[in-house]
$ cat upload13.cif   # mmCIF, C-alpha atoms (C1' of nucleotides)
data_work
#
loop_
_atom_site.label_atom_id
_atom_site.label_comp_id
_atom_site.auth_asym_id
_atom_site.auth_seq_id
_atom_site.Cartn_x
_atom_site.Cartn_y
_atom_site.Cartn_z
CA MET R 1 86.42 -42.77 -32.44
CA ASN R 2 87.61 -46.33 -33.11
CA ASN R 3 87.83 -47.60 -29.63
CA GLY R 4 86.72 -51.11 -30.00
CA ARG R 5 88.81 -51.59 -33.09
CA PHE R 6 91.99 -50.46 -31.41
CA ALA R 7 91.38 -52.74 -28.48
CA THR R 8 90.69 -55.59 -30.84
CA ALA R 9 93.76 -54.92 -32.93
CA LEU R 10 96.00 -54.73 -29.92
CA HIS R 11 94.49 -57.86 -28.48
CA ILE R 12 95.27 -59.70 -31.70
CA LEU R 13 98.84 -58.47 -31.86
CA THR R 14 99.39 -59.32 -28.22
CA LEU R 15 98.18 -62.86 -28.69
CA LEU R 16 100.44 -63.30 -31.68
CA GLU R 17 103.43 -62.08 -29.75
CA ILE R 18 102.73 -64.20 -26.71
CA LYS R 19 102.18 -67.29 -28.81
CA LYS R 20 104.92 -66.55 -31.26
CA GLY R 21 106.21 -69.53 -33.19
CA GLU R 22 102.69 -70.83 -33.68
CA LEU R 23 100.16 -69.90 -36.31
CA LEU R 24 96.92 -68.84 -34.68
CA SER R 25 93.59 -69.26 -36.41
CA SER R 26 90.94 -66.59 -36.59
CA GLU R 27 88.71 -68.84 -34.57
CA PHE R 28 91.18 -69.17 -31.74
CA ILE R 29 91.75 -65.43 -31.65
CA ALA R 30 88.05 -64.70 -31.90
CA ASN R 31 87.43 -66.93 -28.93
CA SER R 32 89.87 -65.01 -26.76
CA ILE R 33 88.43 -61.67 -27.72
CA ASN R 34 84.90 -62.96 -27.71
CA VAL R 35 83.88 -61.73 -31.14
CA ASN R 36 82.97 -63.32 -34.43
CA PRO R 37 85.86 -64.87 -36.41
CA ALA R 38 84.92 -62.81 -39.45
CA VAL R 39 85.51 -59.68 -37.44
CA VAL R 40 88.98 -60.88 -36.59
CA ARG R 41 89.74 -61.71 -40.20
CA LYS R 42 88.54 -58.30 -41.29
CA GLU R 43 90.61 -56.50 -38.71
CA ILE R 44 93.61 -58.58 -39.62
CA GLY R 45 93.07 -57.63 -43.24
CA ASN R 46 93.94 -54.12 -42.27
CA LEU R 47 96.81 -55.03 -39.98
CA ARG R 48 98.32 -57.18 -42.67
CA ALA R 49 98.03 -54.40 -45.22
CA HIS R 50 100.22 -52.39 -42.87
CA GLY R 51 102.76 -55.17 -42.47
CA PHE R 52 102.06 -55.90 -38.84
CA ILE R 53 100.77 -59.37 -39.53
CA GLU R 54 101.45 -62.18 -41.97
CA SER R 55 98.97 -64.83 -42.88
CA LYS R 56 99.05 -68.27 -44.34
CA GLU R 57 96.03 -69.59 -46.18
CA GLY R 58 94.72 -73.11 -46.43
CA LYS R 59 94.69 -76.02 -44.06
CA GLY R 60 97.00 -75.55 -41.12
CA GLY R 61 97.16 -71.86 -41.95
CA GLY R 62 96.75 -68.92 -39.62
CA TYR R 63 98.41 -65.73 -38.48
CA SER R 64 101.73 -64.56 -37.12
CA LEU R 65 103.43 -61.20 -36.61
CA GLY R 66 104.81 -59.65 -39.78
CA LYS R 67 107.70 -58.00 -37.96
CA PRO R 68 109.30 -58.09 -34.55
CA ALA R 69 106.93 -56.94 -31.83
CA ALA R 70 109.58 -54.52 -30.64
CA HIS R 71 109.26 -52.72 -33.96
CA ILE R 72 105.54 -52.15 -33.77
CA ARG R 73 104.66 -48.98 -31.95
CA LEU R 74 101.12 -48.70 -30.69
CA SER R 75 100.85 -45.30 -32.32
CA GLU R 76 101.35 -46.93 -35.70
CA VAL R 77 98.68 -49.45 -34.94
CA TYR R 78 96.35 -46.71 -33.90
CA LYS R 79 97.03 -44.71 -36.99
CA SER R 80 96.53 -47.71 -39.21
CA LEU R 81 92.91 -47.84 -38.28
CA ASN R 82 91.93 -44.30 -38.59
CA GLU R 83 93.14 -42.19 -41.36
CA SER R 84 90.89 -39.55 -39.84
CA PRO R 85 92.20 -37.83 -36.72
CA LEU R 86 90.93 -38.31 -33.22
CA LEU R 87 88.58 -35.39 -33.16
CA GLY R 88 87.19 -34.83 -36.61
CA ARG R 89 84.64 -32.14 -36.97
CA SER R 90 81.17 -33.34 -37.76
CA ASN R 91 79.14 -30.13 -37.81
CA ASP R 92 79.17 -27.77 -40.70
CA PRO R 93 78.90 -24.29 -39.35
CA ASN R 94 77.24 -21.42 -41.11
CA PRO R 95 79.68 -19.82 -43.57
CA GLU R 96 77.68 -16.61 -43.44
CA CYS R 97 78.71 -16.21 -39.83
CA PRO R 98 82.20 -14.75 -39.39
CA ILE R 99 82.91 -17.15 -36.56
CA GLY R 100 81.35 -20.17 -38.20
CA LYS R 101 83.36 -19.43 -41.29
CA GLN R 102 86.72 -19.61 -39.57
CA ILE R 103 86.17 -22.09 -36.83
CA ASN R 104 86.89 -25.29 -38.66
CA GLY R 105 90.39 -24.24 -39.51
CA HIS R 106 91.14 -23.32 -35.94
CA LEU R 107 89.57 -26.51 -34.64
CA ASN R 108 91.71 -28.54 -36.96
CA ASP R 109 94.87 -26.91 -35.71
CA LEU R 110 93.84 -27.56 -32.17
CA PHE R 111 92.82 -31.13 -32.81
CA SER R 112 95.90 -32.01 -34.70
CA SER R 113 98.20 -30.88 -31.93
CA ALA R 114 96.24 -32.78 -29.31
CA ASP R 115 96.23 -35.77 -31.59
CA LYS R 116 99.97 -35.56 -31.91
CA ALA R 117 100.43 -35.56 -28.16
CA PHE R 118 98.19 -38.56 -27.90
CA LEU R 119 100.04 -40.50 -30.56
CA ASN R 120 103.36 -39.51 -29.13
CA GLN R 121 102.40 -41.06 -25.84
CA LEU R 122 101.07 -44.22 -27.46
CA GLY R 123 104.27 -44.48 -29.45
CA LYS R 124 106.28 -44.94 -26.31
CA THR R 125 104.93 -48.46 -26.04
CA THR R 126 105.56 -51.26 -28.51
CA VAL R 127 103.63 -54.48 -28.89
CA LYS R 128 106.54 -56.20 -27.18
CA ASP R 129 106.35 -53.88 -24.19
CA PHE R 130 102.66 -54.40 -23.97
CA ALA R 131 102.84 -58.17 -24.24
CA LYS R 132 105.44 -58.32 -21.50
CA LYS R 133 102.83 -57.24 -19.00
CA PHE R 134 101.07 -60.57 -19.26
CA ASN R 135 102.07 -63.51 -17.12
CA MET M 1 84.20 -40.28 -28.95
CA ASN M 2 82.31 -37.02 -28.53
CA ASN M 3 83.73 -35.14 -31.41
CA GLY M 4 80.82 -33.16 -32.56
CA ARG M 5 79.92 -32.22 -29.04
CA PHE M 6 83.35 -30.84 -28.27
CA ALA M 7 83.33 -28.79 -31.44
CA THR M 8 79.88 -27.52 -30.61
CA ALA M 9 80.80 -26.68 -27.04
CA LEU M 10 83.90 -24.82 -28.07
CA HIS M 11 82.01 -22.98 -30.76
CA ILE M 12 79.50 -21.81 -28.17
CA LEU M 13 82.15 -20.68 -25.72
CA THR M 14 84.04 -18.89 -28.45
CA LEU M 15 80.97 -16.97 -29.54
CA LEU M 16 80.25 -15.96 -25.97
CA GLU M 17 83.77 -14.71 -25.50
CA ILE M 18 83.86 -12.80 -28.75
CA LYS M 19 80.50 -11.20 -28.08
CA LYS M 20 81.05 -10.71 -24.40
CA GLY M 21 78.88 -8.07 -22.76
CA GLU M 22 75.86 -9.27 -24.70
CA LEU M 23 73.47 -12.08 -23.89
CA LEU M 24 73.24 -14.46 -26.81
CA SER M 25 70.13 -16.49 -27.48
CA SER M 26 70.15 -20.17 -28.30
CA GLU M 27 68.71 -19.29 -31.67
CA PHE M 28 71.52 -16.94 -32.53
CA ILE M 29 74.12 -19.47 -31.47
CA ALA M 30 72.35 -22.28 -33.27
CA ASN M 31 72.38 -20.24 -36.44
CA SER M 32 76.14 -19.83 -36.33
CA ILE M 33 76.77 -23.49 -35.68
CA ASN M 34 74.02 -24.56 -38.00
CA VAL M 35 72.21 -26.88 -35.64
CA ASN M 36 68.85 -26.90 -33.92
CA PRO M 37 68.42 -24.45 -31.02
CA ALA M 38 67.39 -27.29 -28.76
CA VAL M 39 70.75 -28.92 -29.33
CA VAL M 40 72.45 -25.75 -28.22
CA ARG M 41 70.31 -25.48 -25.14
CA LYS M 42 71.05 -29.07 -24.27
CA GLU M 43 74.77 -28.63 -24.68
CA ILE M 44 74.67 -25.45 -22.66
CA GLY M 45 72.86 -27.33 -19.93
CA ASN M 46 76.02 -29.30 -19.42
CA LEU M 47 78.39 -26.37 -19.75
CA ARG M 48 76.40 -24.43 -17.23
CA ALA M 49 76.45 -27.30 -14.78
CA HIS M 50 80.22 -27.03 -14.94
CA GLY M 51 80.22 -23.29 -14.39
CA PHE M 52 81.47 -22.30 -17.82
CA ILE M 53 78.26 -20.56 -18.75
CA GLU M 54 75.56 -18.55 -17.03
CA SER M 55 72.07 -18.20 -18.33
CA LYS M 56 69.21 -15.85 -17.84
CA GLU M 57 65.69 -17.05 -18.42
CA GLY M 58 62.70 -15.15 -19.69
CA LYS M 59 62.29 -12.38 -22.17
CA GLY M 60 65.55 -10.72 -23.09
CA GLY M 61 67.39 -13.66 -21.57
CA GLY M 62 70.27 -15.63 -23.04
CA TYR M 63 73.75 -16.82 -22.29
CA SER M 64 77.10 -15.46 -21.21
CA LEU M 65 80.34 -16.91 -19.91
CA GLY M 66 80.23 -18.00 -16.31
CA LYS M 67 83.87 -17.14 -15.70
CA PRO M 68 86.70 -15.36 -17.49
CA ALA M 69 87.62 -17.05 -20.74
CA ALA M 70 91.23 -17.09 -19.64
CA HIS M 71 90.24 -19.40 -16.82
CA ILE M 72 88.57 -22.00 -18.99
CA ARG M 73 91.02 -24.58 -20.25
CA LEU M 74 89.94 -26.62 -23.22
CA SER M 75 90.88 -29.77 -21.35
CA GLU M 76 88.25 -28.95 -18.74
CA VAL M 77 85.69 -28.41 -21.43
CA TYR M 78 86.60 -31.68 -23.00
CA LYS M 79 86.40 -33.51 -19.73
CA SER M 80 83.06 -31.98 -18.93
CA LEU M 81 81.47 -33.84 -21.77
CA ASN M 82 82.87 -37.24 -21.33
CA GLU M 83 83.23 -38.72 -17.97
CA SER M 84 84.42 -41.78 -19.89
CA PRO M 85 87.99 -41.66 -21.24
CA LEU M 86 88.98 -41.28 -24.85
CA LEU M 87 89.47 -44.94 -25.55
CA GLY M 88 87.04 -46.92 -23.49
CA ARG M 89 87.00 -50.62 -24.08
CA SER M 90 83.82 -51.88 -25.65
CA ASN M 91 84.53 -55.58 -26.10
CA ASP M 92 84.31 -58.03 -23.30
CA PRO M 93 87.02 -60.57 -23.77
CA ASN M 94 86.77 -64.17 -22.70
CA PRO M 95 87.67 -64.49 -19.01
CA GLU M 96 88.52 -68.15 -19.57
CA CYS M 97 91.43 -67.05 -21.72
CA PRO M 98 94.52 -66.00 -19.73
CA ILE M 99 95.12 -63.12 -22.10
CA GLY M 100 91.51 -62.07 -22.37
CA LYS M 101 91.29 -62.12 -18.63
CA GLN M 102 94.06 -59.60 -18.08
CA ILE M 103 93.87 -57.41 -21.11
CA ASN M 104 91.30 -54.90 -19.98
CA GLY M 105 93.40 -53.82 -17.06
CA HIS M 106 96.43 -53.30 -19.24
CA LEU M 107 94.40 -51.50 -21.87
CA ASN M 108 93.04 -49.16 -19.28
CA ASP M 109 96.51 -48.25 -18.08
CA LEU M 110 97.59 -47.60 -21.61
CA PHE M 111 94.53 -45.60 -22.49
CA SER M 112 94.65 -43.48 -19.43
CA SER M 113 98.20 -42.39 -20.03
CA ALA M 114 97.49 -41.51 -23.64
CA ASP M 115 94.39 -39.71 -22.52
CA LYS M 116 96.43 -37.73 -20.06
CA ALA M 117 98.84 -36.62 -22.75
CA PHE M 118 95.94 -35.58 -24.91
CA LEU M 119 94.29 -33.57 -22.17
CA ASN M 120 97.57 -32.06 -21.15
CA GLN M 121 98.01 -30.69 -24.64
CA LEU M 122 94.44 -29.41 -24.83
CA GLY M 123 94.93 -27.76 -21.46
CA LYS M 124 97.59 -25.49 -22.89
CA THR M 125 94.88 -23.51 -24.62
CA THR M 126 92.15 -21.50 -22.92
CA VAL M 127 88.93 -20.26 -24.44
CA LYS M 128 90.51 -16.82 -24.47
CA ASP M 129 93.52 -18.05 -26.46
CA PHE M 130 91.26 -19.80 -28.86
CA ALA M 131 88.95 -16.84 -29.35
CA LYS M 132 91.89 -14.56 -30.04
CA LYS M 133 92.51 -16.39 -33.28
CA PHE M 134 89.39 -14.93 -34.82
CA ASN M 135 89.43 -11.60 -36.56
"C1'" DT X 1 92.35 -85.90 -56.66
"C1'" DT X 2 89.49 -85.37 -53.09
"C1'" DG X 3 88.24 -84.13 -48.35
"C1'" DT X 4 89.44 -81.04 -44.83
"C1'" DA X 5 90.70 -76.86 -42.56
"C1'" DC X 6 91.81 -72.82 -43.08
"C1'" DT X 7 91.81 -67.48 -45.02
"C1'" DG X 8 89.64 -63.48 -47.82
"C1'" DT X 9 85.94 -60.79 -48.73
"C1'" DA X 10 81.44 -59.15 -49.83
"C1'" DA X 11 76.66 -58.52 -48.66
"C1'" DT X 12 73.59 -57.82 -45.39
"C1'" DA X 13 71.46 -57.33 -40.89
"C1'" DA X 14 71.32 -55.84 -36.34
"C1'" DG X 15 72.37 -52.90 -32.77
"C1'" DA X 16 74.23 -48.85 -30.59
"C1'" DA X 17 75.21 -44.21 -30.38
"C1'" DT X 18 74.47 -39.73 -31.90
"C1'" DT X 19 71.86 -36.02 -33.47
"C1'" DG X 20 67.70 -33.70 -34.73
"C1'" DT X 21 62.87 -32.44 -33.84
"C1'" DT X 22 58.81 -31.25 -31.61
"C1'" DA X 23 56.48 -29.80 -27.84
"C1'" DC X 24 55.49 -27.51 -23.94
"C1'" DA X 25 56.09 -25.96 -19.13
"C1'" DG X 26 58.57 -22.40 -16.57
"C1'" DT X 27 60.31 -17.65 -16.08
"C1'" DA X 28 61.40 -12.78 -16.66
"C1'" DT X 29 60.09 -8.41 -18.82
"C1'" DG X 30 57.42 -4.57 -20.06
"C1'" DC K 1 48.70 -10.42 -19.77
"C1'" DA K 2 51.40 -10.87 -24.16
"C1'" DT K 3 55.89 -11.75 -25.51
"C1'" DA K 4 60.37 -13.78 -25.82
"C1'" DC K 5 63.16 -16.34 -23.99
"C1'" DT K 6 65.26 -20.91 -21.34
"C1'" DG K 7 64.82 -25.94 -19.56
"C1'" DT K 8 63.81 -30.38 -20.40
"C1'" DA K 9 61.65 -34.56 -21.83
"C1'" DA K 10 60.01 -37.62 -25.33
"C1'" DC K 11 60.49 -39.24 -29.57
"C1'" DA K 12 62.21 -39.76 -34.42
"C1'" DA K 13 65.80 -40.11 -37.66
"C1'" DT K 14 70.20 -40.87 -38.98
"C1'" DT K 15 74.67 -42.51 -38.94
"C1'" DC K 16 78.27 -45.49 -37.22
"C1'" DT K 17 79.81 -49.74 -35.62
"C1'" DT K 18 79.71 -54.48 -35.05
"C1'" DA K 19 77.82 -59.07 -36.00
"C1'" DT K 20 76.37 -62.65 -39.13
"C1'" DT K 21 76.08 -65.39 -43.05
"C1'" DA K 22 77.84 -67.13 -47.00
"C1'" DC K 23 80.91 -68.74 -50.11
"C1'" DA K 24 84.99 -68.62 -53.19
"C1'" DG K 25 89.98 -69.41 -52.96
"C1'" DT K 26 94.03 -71.89 -51.15
"C1'" DA K 27 97.08 -75.31 -49.06
"C1'" DC K 28 97.83 -79.65 -47.12
"C1'" DA K 29 97.60 -84.59 -46.59
"C1'" DA K 30 95.97 -89.03 -47.28
#
$ encode --input "upload13.cif" --output "structure tokens"
Amino acid sequence: MNNGRFATALHILTLLEIKKGELLSSEFIANSINVNPAVVRKEIGNLRAHGFIESKEGKGGGYSLGKPAAHIRLSEVYKSLNESPLLGRSNDPNPECPIGKQINGHLNDLFSSADKAFLNQLGKTTVKDFAKKFN
Amino acid sequence: MNNGRFATALHILTLLEIKKGELLSSEFIANSINVNPAVVRKEIGNLRAHGFIESKEGKGGGYSLGKPAAHIRLSEVYKSLNESPLLGRSNDPNPECPIGKQINGHLNDLFSSADKAFLNQLGKTTVKDFAKKFN
DNA sequence: TTGTACTGTAATAAGAATTGTTACAGTATG
DNA sequence: CATACTGTAACAATTCTTATTACAGTACAA
């Protein structure tokens, strides 16, 4: 669903943790990820709204983590960029059909439990844990 | 990633289980899902390749389950329609950057464990379990 | 107080991925 | 041989995602 975005978001957070103490510019970050700086700023807009990142405007400005990396679970990051669950239904089945009529409800139940398992696993890792893997 | 397709595939399998004994046509199935019959035939092409469905060509032909519904785990169905994992990386980070250089490997590890948790949960339900929910 | 180096955000374009459609050859049945 | 299906390819349309451009707003520093 939002694959690229999650990878981008995590990449950003990882850089900020590894270079903590410094303010990183969107251009620097964009260069590491190999995307356009505006994309980074947009993504950070969301991450900041969720408190993961703080920013400083103006000359000499840039980005830093908004809270300790150990307090940012990857599940929270993931959730921050899709309000919609992992496997949203896109078809709209025929309501005349007894199966079609009921299936969305059952699919949602199924999806939400699988989603939960997924998030639960992601939540075992924090940004700090993840960043520690780099040398 | 392949949301709609999974929903479609499961819808098809559920219909076949509920109406077992009969051969269902792509048109009948398409009507319940509310998509084009060719889409159903295409999706079934994949499900058949994995042994979940059998088909009979020609007049009076149609589809039926290729094995007992109790033996089809939803995780297998899910896997059958994406060789690629749930959260494939789409960016290609800068290999000049020490972080960019390593991140894909670490992301893959992360993704694959979350994927596993997801599939593990889906695998707790079979097509038979799922179909039983309908009345 | 002005130039410089940043962020914030909107508008738009481009590209990729998904889904739908049409068409028709192939096959079984009666 | 007519009929009713599946199988599959080619193409069109749509939707989703990502990239690009542009520029206003803000802080710093000389």
$ resolve_selection --input "upload13.cif" --expression "the PyMOL selection byres ((chain M) within 7 of (chain X))" --output "list in words"
Asn36, Glu57, Gly58 and Lys59 of chain M
$ write_last_selection --input "upload13.cif" --atoms "C-alpha atoms" --output "compact mmCIF listing (two decimals), keeping the file's coordinate frame"
# COMPACT_ATOMS: atom_id res chain seq x y z
CA ASN M 36 68.85 -26.90 -33.92
CA GLU M 57 65.69 -17.05 -18.42
CA GLY M 58 62.70 -15.15 -19.69
CA LYS M 59 62.29 -12.38 -22.17
$ resolve_selection --input "upload13.cif" --expression "the PyMOL selection byres ((chain K) within 9 of (chain M))" --output "PyMOL selection string"
chain K and resi 3-8
$ resolve_selection --input "upload13.cif" --expression "the PyMOL selection byres ((chain R) within 8 of (chain M))" --output "number ranges by chain"
R: 1-4, 7-8, 11, 15, 31-35, 87-94, 96-97, 99-100, 102-103, 106-107, 110, 113-115, 117-119, 121-122, 130, 133-134
$ atom_distance --input "upload13.cif" --atom1 "CA of Leu13 in chain M" --atom2 "CA of Ile44 in chain M"
9.4 Å
$ atom_distance --input "upload13.cif" --atom1 "CA of Gly51 in chain M" --atom2 "CA of Val77 in chain M"
10.3 Å
$ atom_distance --input "upload13.cif" --atom1 "CA of Leu65 in chain R" --atom2 "CA of Lys19 in chain R"
10.0 Å
$ closest_residue --input "upload13.cif" --among "R:Leu23, R:Ile12, R:Val127, R:Val40" --to "His71 in chain R" --atoms "only C-alpha atoms"
R:Val127
$ residues_around --input "upload13.cif" --residues "Lys128 in chain R" --least-positions-apart "4" --cutoff "9 Å" --atoms "only C-alpha atoms (C1' of nucleotides)" --output "MDAnalysis selection string"
chainID R and resid 14 17:18 68:73 132
